[in-house]
Amino acid sequence: MLQTLYDYFWWERLWLPVNLTWADLEDRDGRVYAKASDLYITLPLALLFLIVRYFFELYVATPLAALLNIKEKTRLRAPPNATLEHFYLTSGKQPKQVEVELLSRQSGLSGRQVERWFRRRRNQDRPSLLKKFREASWRFTFYLIAFIAGMAVIVDKPWFYDMKKVWEGYPIQSTIPSQYWYYMIELSFYWSLLFSIASDVKRKSAKMFNYAGWKNTCNNIFIVFAIVFIITRLVILPFWILHCTLVYPLELYPAFFGYYFFNSMMGVLQLLHIFWAYLILRMAHKFITGKLVEDERSDREETESSEGEEAAAGGGAKSRPLANGHPILNNNHRKND
């Protein structure tokens with residue numbers, strides 16, 4: 001059964017043009033061709049990336065954070081409470097008003113104390129500022145080096161200037177060492193991100209400037225990012241890259257499954273780029289009109305209410321129902337006749 005599925009998956013008619021077989025892509029005469037087995041090396045390289053990342057964050061990103069005066073905020077920890085902890089882990093991190101009242105009776109705490117416990121407990125689970133900065137620094141460094149290296153290995157290639165040359169001799173095209181290692185290193189990096197996805201913070205590389213308090217730098221980077229994204233994803237990709245993959249192959253071979261499969265994936269990617277461009281333009285509009293106070297994707301830490309504010313609230317506030325630590329106001333007052 002498995003052998004049948006394997007043979008069907010690697011059937012030449014699926015992935016190769018007509019009249020070509022896998023035998024045509026076997027290494028010969030000093031020419032090396034791409035193989036699926038080439039991907040095996042990406043797994044140990046991914047583990048190597050994790051090791052390099054550990055030392056980078058420890059000996060490069062952490063001192064850089066100190067240099068930029070990025071400091072950790074002291075967080076008040078939620079006191080141990082088995083009842084509230086069980087609800088937090090099994091039912092939800094933000095209890096509704098009815099649940100707050102029930103938990104208040106079960107734990108012997110006031111409604112405000114229950115709200116405060118959940119607020120502190122949520123803050124405990126939020127990644128620290130230093131952790132977010134170190135991760136953003138690592139990604140920024142890799143992406144910068146990968147971009148420079150990618151340009152260095154392709155700028156002297158003829159197909160960089162004439163995309164028709166991409167298909168010369170297709171699919172019997174030998175592997176160039178610089179391109180081989182570029183793709184293996186890129187894939188290994190993303191494997192390493194997959195391995196660490198459970199502990200990573202979902203942040204962009206430009207966030208490191210935000211953590212350092214460089215607001216103007218962040219704004220300028222966002223403007224540059226928006227311009228580059230629109231040009232590369234909505235102009236170059238559809239009118240150069242997709243045109244190259246959709247039109248030029250048909251001048252050499254009739255369409256086959258691999259042609260439809262690959263271009264379908266490229267079409268899905270283009271639709272995603274259109275959607276992301278819409279989100280970027282919406283954010284840019286808010287930024288230009290002054291309606292964007294902060295990054296919509298930011299995960300703000302909830303602040304603690306001071307004792308003075310709680311005292312100022314007085315007994316009236318304590319007697320009212322609470323929602324997220326604040327009294328619910330009753331606007332249905334009747335005027336005395």
# chains A, B, ... in the order shown; residues from 1 in each chain; ligands from 1
>>> residues_around(residues="segment 108-120 of chain A", least_positions_apart="2", cutoff="6 Å", atoms="only C-alpha atoms", output="number ranges by chain")
A: 77-78, 104-106, 122-123, 325
>>> residues_around(residues="segment 262-268 of chain A", least_positions_apart="2", cutoff="8 Å", atoms="only C-alpha atoms", output="count of residues only")
9
>>> residues_around(residues="segment 24-33 of chain A", least_positions_apart="2", cutoff="6 Å", atoms="only C-alpha atoms", output="list of chain:residue names")
A:Thr21, A:Trp22, A:Ser174, A:Thr175
>>> write_last_selection(atoms="C-alpha atoms", output="PDB file, in the first residue's frame")
ATOM      1  CA  THR A  21      11.728  10.656 -16.708  1.00  0.00           C
ATOM      2  CA  TRP A  22      13.635  10.813 -13.424  1.00  0.00           C
ATOM      3  CA  SER A 174      22.202  21.257 -12.860  1.00  0.00           C
ATOM      4  CA  THR A 175      22.383  22.660  -9.335  1.00  0.00           C
TER       5      THR A 175
END
>>> atom_distance(atom1="atom CA of Gly150 of chain A", atom2="atom CA of Phe222 of chain A")
22.8 Å
>>> closest_residue(among="A:Phe225, A:Trp10, A:Trp181, A:Trp167", to="Cys244 of chain A", atoms="only C-alpha atoms")
A:Trp167
>>> residues_around(residues="Asp38 of chain A", least_positions_apart="4", cutoff="9 Å", atoms="only C-alpha atoms", output="PyMOL selection string")
chain A and resi 34+42+180+184
>>> residues_around(residues="Glu72 of chain A", least_positions_apart="4", cutoff="8 Å", atoms="only C-alpha atoms", output="PyMOL selection string")
chain A and resi 128-130
>>> select_by_dssp(residues="segment 29-96 of chain A", states="helix (DSSP H, G or I)", output="PyMOL selection string")
chain A and resi 36-67+82-90
>>> closest_atom_pairs(of="segment 113-225 of chain A", to="segment 231-241 of chain A", cutoff="12 Å", atoms="only C-alpha atoms", output="JSON lines")
{"residue": "A:Trp159", "atom": "CA", "partner": "A:Ile241", "partner_atom": "CA", "distance": 11.6}
{"residue": "A:Phe160", "atom": "CA", "partner": "A:Ile241", "partner_atom": "CA", "distance": 11.1}
{"residue": "A:Tyr161", "atom": "CA", "partner": "A:Trp240", "partner_atom": "CA", "distance": 11.1}
{"residue": "A:Asp162", "atom": "CA", "partner": "A:Trp240", "partner_atom": "CA", "distance": 10.4}
{"residue": "A:Met163", "atom": "CA", "partner": "A:Trp240", "partner_atom": "CA", "distance": 8.1}
{"residue": "A:Lys164", "atom": "CA", "partner": "A:Trp240", "partner_atom": "CA", "distance": 10.5}
{"residue": "A:Val166", "atom": "CA", "partner": "A:Ile241", "partner_atom": "CA", "distance": 10.8}
{"residue": "A:Val224", "atom": "CA", "partner": "A:Ile231", "partner_atom": "CA", "distance": 10.8}
{"residue": "A:Phe225", "atom": "CA", "partner": "A:Ile231", "partner_atom": "CA", "distance": 10.0}
>>> closest_residue(among="A:Ala149, A:Cys218, A:Ala136, A:Ile230", to="Ala65 of chain A", atoms="only C-alpha atoms")
A:Ala136
>>> atom_distance(atom1="atom CA of Glu101 of chain A", atom2="atom CA of Pro80 of chain A")
19.0 Å
>>> closest_residue(among="A:Leu50, A:Lys132, A:Arg121, A:Ser107", to="Ile70 of chain A", atoms="only C-alpha atoms")
A:Lys132
>>> atom_distance(atom1="atom CA of Asn216 of chain A", atom2="atom CA of Trp276 of chain A")
23.2 Å
>>> closest_residue(among="A:Val98, A:Phe189, A:Met151, A:Leu103", to="Leu84 of chain A", atoms="only C-alpha atoms")
A:Leu103
>>> closest_residue(among="A:Ile51, A:Ile221, A:Leu67, A:Ile148", to="Ser205 of chain A", atoms="only C-alpha atoms")
A:Ile221
